Amino acid sequence: MTAWSLARKANRKRTDAIQKFVIYLILIAGAVIVLFPFLWTFSTSLKTPDQVYQIPPQMIPDPADPLNYARVLVDRPFARWMLNSLFVVVVSTVGTLLSCSLAAFAFSRLRWPLRDKLFLVLLATMMLPTQVTLIPTFILFKELGWINTYFPITLPAWFARNAFYVFLLRQFFMTIPLDLDDAARMDGASHLQVYWRIILPMSKPALGVAALMFAQFKWREFLAPLIYLNRTDSLTAAVGLRTFMDETHGTDWELMMAANIMFMLPVVIVFFFTQRYMIQGVVITGVKG
Amino acid sequence: MIRGAKRAPAAIRHGLNFRLTYKQSEALSGILMAAPWILGFLFFVAGPMIASLYLAMTRWDLFTPPRFLGLDNFHALLTDDNTFWLSFRVTTLYAVFSVPIQIAVGLALAQMLNQKIRLLGMFRSVYYLPSVLSGVSIAIMFRWIFGTQYGLLNGALKLLGIDPISWLGDPSIVLFSFILMSVWGSGANMLIYLGALQSVPTELYEAAEVDGAGSFRKFFKITVPMITPVIFFTLVNGIILSLQEFQTPFILTNGGPANASLFIVLYLYRNAFQWFKMGYASAIAWIIFFYVLVLSLLVLRSSKAWVYYEGSLKGRGE
């Protein structure tokens, strides 16, 4: 009996070890598959036009040509596009944080007529495919003369258009005890002061996660800038990247890849420094960024 | 002026009491603080939805006044427009394959990472990385990787002695390439499942081990049932997102070859912003809306049979 269970234990240990080994093998192979396109993109971004079309392809270009990056920034308005994107991200993130946290406060800590019904409406808007509102919204902004301005892609953020963040912040606000509000109210604070002086400072982690998720979403937003911006100077980087593709003259792959690396870099850097919070945010809300 | 100053406080004292009760002031604050969202909802959601419904029943090229057609646009789309049906088919096929594969791969990765693994954090970050990047960036990378002549993938296949494949140029292969690329981004699901796996009570596994259950039994009999609510969520979310796929086909193939990767939103975009058929495009938008709605409801209906909610008696076998 004991001998048998000992043998079984040893056996199990061995299968465990083999299992672990296989798991590592798969995980490493998977990581290589995930990372390879980035390495390949980086490699291409350092090539000369001749090297780009070399067969078999060179993984490490020799000689490397880092000047592609300068070409993208100087010969093409890519620096301008990155600044445009940054502007759009900052303006709309501030707007989203303010408008969504105000609404979240109203929905979680104040009693007012129709509140719960409206919250159901809000939840429903989260599921709504954007295509349904796309065309009339486009016409509205066009009639206002806002084509080629940043209003269409920043203004809705100031009106909590991305209702998901109201939901996210409301969930967090609900975890803060209501006694705090009552105590502050006793001391003569207004609702607005409770919001600004007590709830917001206590919600920095949630606000941070919301800001990161929204900024990331806005940085890569594509369809809206595509239809609202068509002057070369005013493009955002996500849309500008596309202009490197040229069906008639052939694409300058090395330049496009250099631009792509520069476009991805800020997001990757922010991700690596904040991933602890981001991952928490994704796990808590169960929603992709 | 002096007379007025003297009389005003009296008026307030007697007739008009402007002081709100606590309840009223709370309600007022609530409405004012929710006002940005309420206005945004009216101007950017409800209003456009109504307008969109009207536009869907018109023919409008932006330049001449819209002409009311009733349901003609829908009729034409559903009975007469082969391109629409093609795009419907392309989008559906993509969703049917890419969503379950992404769930399976995400779950497998999460299960492998949910053990005593060295460098767990590194693996997790690497697998999640594609999800933080822009679809445009990824599409650009893959356009280059999928290249027939100079692409990396065919270069690798050549080493194995396989002839070059026209990943994006062959109508019968292009959708497969899209699905392949979507699998590359399964890390988003992985992260969600990993969080769920960590909340499965360990007692369940211990009990199963006492009963002599192996890893596979434990995975399919405990792990999967316990995280079905999260799988359900990623399934619905995956369907909604994949039916609205736009930028990837726009960058990767622009719908080609021979419309074999013409996703439905890309077709909407062409109608609206290239051909200025605003009414027709609005009708497509509503069909997408209903399609998403119907599929979500179907999944929701089916969820009673396979999603396990702790605390509910359902799922434990009647």
# chains A, B, ... in the order shown; residues from 1 in each chain; ligands from 1

call {"tool": "select_by_dssp", "arguments": {"residues": "segment 94-266 of chain A", "states": "alpha helix (DSSP H)", "output": "number ranges by chain"}}
result
A: 94-109, 115-127, 131-143, 151-154, 164-173, 179-186, 191-193, 200-202, 204-220, 223-228, 237-240, 253-266

call {"tool": "residues_around", "arguments": {"residues": "Thr130 of chain A", "least_positions_apart": "3", "cutoff": "9 Å", "atoms": "only C-alpha atoms", "output": "list in words"}}
result
Met127, Thr133 and Leu134 of chain A; Gln244, Ala285 and Phe289 of chain B

call {"tool": "residues_around", "arguments": {"residues": "Trp196 of chain A", "least_positions_apart": "6", "cutoff": "10 Å", "atoms": "only C-alpha atoms", "output": "list in words"}}
result
Ser101, Leu102, Ser190 and Met202 of chain A

call {"tool": "interface_residues", "arguments": {"of": "chain B", "to": "chain A", "cutoff": "6 Å", "atoms": "only C-alpha atoms", "output": "list in words"}}
result
Ala27, Gly30, Met33, Ala34, Pro36, Trp37, Gly40, Pro48, Met49, Ser52, Ser134, Ile192, Gly195 and Ala285 of chain B

call {"tool": "residues_around", "arguments": {"residues": "Thr148 of chain B", "least_positions_apart": "4", "cutoff": "9 Å", "atoms": "only C-alpha atoms", "output": "VMD selection string"}}
result
chain B and resid 152 to 155 164 to 169

call {"tool": "write_last_selection", "arguments": {"atoms": "C-alpha atoms", "output": "short mmCIF file (atom, residue, chain, number, x, y, z; two decimals), in the first residue's frame"}}
result
data_model
loop_
_atom_site.label_atom_id
_atom_site.label_comp_id
_atom_site.auth_asym_id
_atom_site.auth_seq_id
_atom_site.Cartn_x
_atom_site.Cartn_y
_atom_site.Cartn_z
CA LEU B 152 8.14 37.26 -43.44
CA LEU B 153 5.59 34.47 -43.27
CA ASN B 154 6.31 33.19 -46.76
CA GLY B 155 10.01 33.59 -46.03
CA PRO B 164 4.65 31.11 -51.29
CA ILE B 165 1.03 31.66 -50.35
CA SER B 166 -0.89 34.72 -51.45
CA TRP B 167 -2.17 35.52 -47.95
CA LEU B 168 -3.96 38.72 -48.87
CA GLY B 169 -4.34 38.30 -52.62
#

call {"tool": "residues_around", "arguments": {"residues": "segment 179-187 of chain B", "least_positions_apart": "5", "cutoff": "10 Å", "atoms": "only C-alpha atoms", "output": "PDB file with C-alpha atoms, in the first residue's frame"}}
result
ATOM      1  CA  GLY A  30       3.971  31.926 -28.049  1.00  0.00           C
ATOM      2  CA  ILE A  33       5.291  34.608 -32.084  1.00  0.00           C
ATOM      3  CA  VAL A  34       3.841  37.668 -30.348  1.00  0.00           C
ATOM      4  CA  LYS A 288     -10.661  45.149 -23.001  1.00  0.00           C
TER       5      LYS A 288
ATOM      6  CA  LEU B  93     -17.659  33.943 -41.033  1.00  0.00           C
ATOM      7  CA  TYR B  94     -14.963  36.025 -39.430  1.00  0.00           C
ATOM      8  CA  ALA B  95     -16.905  36.324 -36.174  1.00  0.00           C
ATOM      9  CA  VAL B  96     -17.836  32.642 -36.115  1.00  0.00           C
ATOM     10  CA  PHE B  97     -14.209  31.577 -36.347  1.00  0.00           C
ATOM     11  CA  SER B  98     -12.186  34.340 -34.738  1.00  0.00           C
ATOM     12  CA  VAL B  99     -14.245  34.770 -31.558  1.00  0.00           C
ATOM     13  CA  PRO B 100     -14.221  31.126 -30.373  1.00  0.00           C
ATOM     14  CA  ILE B 101     -10.570  30.682 -31.356  1.00  0.00           C
ATOM     15  CA  GLN B 102      -9.599  33.792 -29.435  1.00  0.00           C
ATOM     16  CA  ILE B 103     -11.515  32.494 -26.429  1.00  0.00           C
ATOM     17  CA  ALA B 104      -9.882  29.066 -26.627  1.00  0.00           C
ATOM     18  CA  VAL B 105      -6.371  30.453 -27.064  1.00  0.00           C
ATOM     19  CA  GLY B 106      -6.914  33.047 -24.340  1.00  0.00           C
ATOM     20  CA  LEU B 107      -8.162  30.379 -21.977  1.00  0.00           C
ATOM     21  CA  LEU B 109      -2.756  30.807 -22.149  1.00  0.00           C
ATOM     22  CA  ALA B 110      -4.439  31.835 -18.909  1.00  0.00           C
ATOM     23  CA  ARG B 124       1.580  38.223 -19.137  1.00  0.00           C
ATOM     24  CA  SER B 125       2.849  41.586 -20.382  1.00  0.00           C
ATOM     25  CA  VAL B 126       4.128  40.141 -23.640  1.00  0.00           C
ATOM     26  CA  TYR B 127       0.856  38.391 -24.428  1.00  0.00           C
ATOM     27  CA  TYR B 128      -1.183  41.422 -23.496  1.00  0.00           C
ATOM     28  CA  LEU B 129       0.972  43.817 -25.515  1.00  0.00           C
ATOM     29  CA  PRO B 130      -0.952  43.506 -28.823  1.00  0.00           C
ATOM     30  CA  SER B 131      -4.129  44.575 -27.028  1.00  0.00           C
ATOM     31  CA  VAL B 132      -2.779  47.975 -26.042  1.00  0.00           C
ATOM     32  CA  LEU B 133      -1.715  48.780 -29.578  1.00  0.00           C
ATOM     33  CA  ILE B 138      -1.041  45.920 -36.171  1.00  0.00           C
ATOM     34  CA  ALA B 139      -2.662  45.912 -39.599  1.00  0.00           C
ATOM     35  CA  PHE B 142       0.757  42.292 -40.814  1.00  0.00           C
ATOM     36  CA  PHE B 146       1.639  38.660 -45.147  1.00  0.00           C
ATOM     37  CA  VAL B 174      -7.743  36.200 -47.264  1.00  0.00           C
ATOM     38  CA  ILE B 192      -9.577  38.574 -18.205  1.00  0.00           C
ATOM     39  CA  TYR B 193      -9.526  34.786 -17.730  1.00  0.00           C
ATOM     40  CA  SER B 242     -15.869  41.517 -34.529  1.00  0.00           C
ATOM     41  CA  THR B 248      -8.108  46.121 -40.007  1.00  0.00           C
TER      42      THR B 248
END

call {"tool": "atom_distance", "arguments": {"atom1": "atom CA of Ser87 of chain B", "atom2": "atom CA of Leu268 of chain B"}}
result
9.8 Å

call {"tool": "residues_around", "arguments": {"residues": "Glu206 of chain B", "least_positions_apart": "6", "cutoff": "10 Å", "atoms": "only C-alpha atoms", "output": "mmCIF file with N, CA and C atoms, in the first residue's frame"}}
result
data_model
loop_
_atom_site.group_PDB
_atom_site.id
_atom_site.type_symbol
_atom_site.label_atom_id
_atom_site.label_comp_id
_atom_site.auth_asym_id
_atom_site.auth_seq_id
_atom_site.Cartn_x
_atom_site.Cartn_y
_atom_site.Cartn_z
ATOM 1 N N GLY B 212 -9.059 11.817 -7.056
ATOM 2 C CA GLY B 212 -8.190 11.267 -8.083
ATOM 3 C C GLY B 212 -8.356 11.860 -9.465
ATOM 4 N N ALA B 213 -8.890 13.091 -9.549
ATOM 5 C CA ALA B 213 -9.072 13.712 -10.857
ATOM 6 C C ALA B 213 -7.736 14.244 -11.384
ATOM 7 N N LYS B 218 -9.873 18.159 -14.097
ATOM 8 C CA LYS B 218 -10.054 19.338 -13.246
ATOM 9 C C LYS B 218 -10.354 20.567 -14.088
#

call {"tool": "residues_around", "arguments": {"residues": "Asn73 of chain B", "least_positions_apart": "3", "cutoff": "12 Å", "atoms": "only C-alpha atoms", "output": "ChimeraX atom specification"}}
result
/B:53-60,67-70,76-81,84,277-287

call {"tool": "write_last_selection", "arguments": {"atoms": "C-alpha atoms", "output": "tab-separated table (two decimals), in the first residue's frame"}}
result
chain	number	residue	atom	x	y	z
B	53	LEU	CA	-33.84	56.02	-38.46
B	54	TYR	CA	-35.35	58.73	-40.63
B	55	LEU	CA	-32.34	58.84	-42.96
B	56	ALA	CA	-32.52	55.08	-43.39
B	57	MET	CA	-35.87	55.67	-45.05
B	58	THR	CA	-34.60	58.26	-47.50
B	59	ARG	CA	-32.33	58.66	-50.43
B	60	TRP	CA	-29.87	61.44	-49.71
B	67	ARG	CA	-36.25	61.96	-50.67
B	68	PHE	CA	-38.48	59.76	-48.55
B	69	LEU	CA	-38.56	56.14	-49.68
B	70	GLY	CA	-40.17	54.27	-46.81
B	76	ALA	CA	-33.10	46.77	-51.76
B	77	LEU	CA	-30.40	45.72	-49.29
B	78	LEU	CA	-32.02	42.46	-48.35
B	79	THR	CA	-33.28	41.33	-51.73
B	80	ASP	CA	-31.23	43.04	-54.37
B	81	ASP	CA	-27.76	43.86	-53.11
B	84	PHE	CA	-24.28	43.58	-49.04
B	277	LYS	CA	-25.40	57.42	-50.17
B	278	MET	CA	-26.29	58.61	-46.68
B	279	GLY	CA	-29.73	57.03	-46.57
B	280	TYR	CA	-28.58	53.67	-47.82
B	281	ALA	CA	-25.62	53.67	-45.41
B	282	SER	CA	-27.94	54.49	-42.50
B	283	ALA	CA	-30.05	51.49	-43.40
B	284	ILE	CA	-26.91	49.32	-43.29
B	285	ALA	CA	-26.13	50.77	-39.85
B	286	TRP	CA	-29.52	49.68	-38.57
B	287	ILE	CA	-29.11	46.21	-39.98

call {"tool": "atom_distance", "arguments": {"atom1": "atom CA of Pro201 of chain A", "atom2": "atom CA of Val90 of chain A"}}
result
20.1 Å

call {"tool": "atom_distance", "arguments": {"atom1": "atom CA of Ala206 of chain A", "atom2": "atom CA of Ile231 of chain B"}}
result
24.6 Å
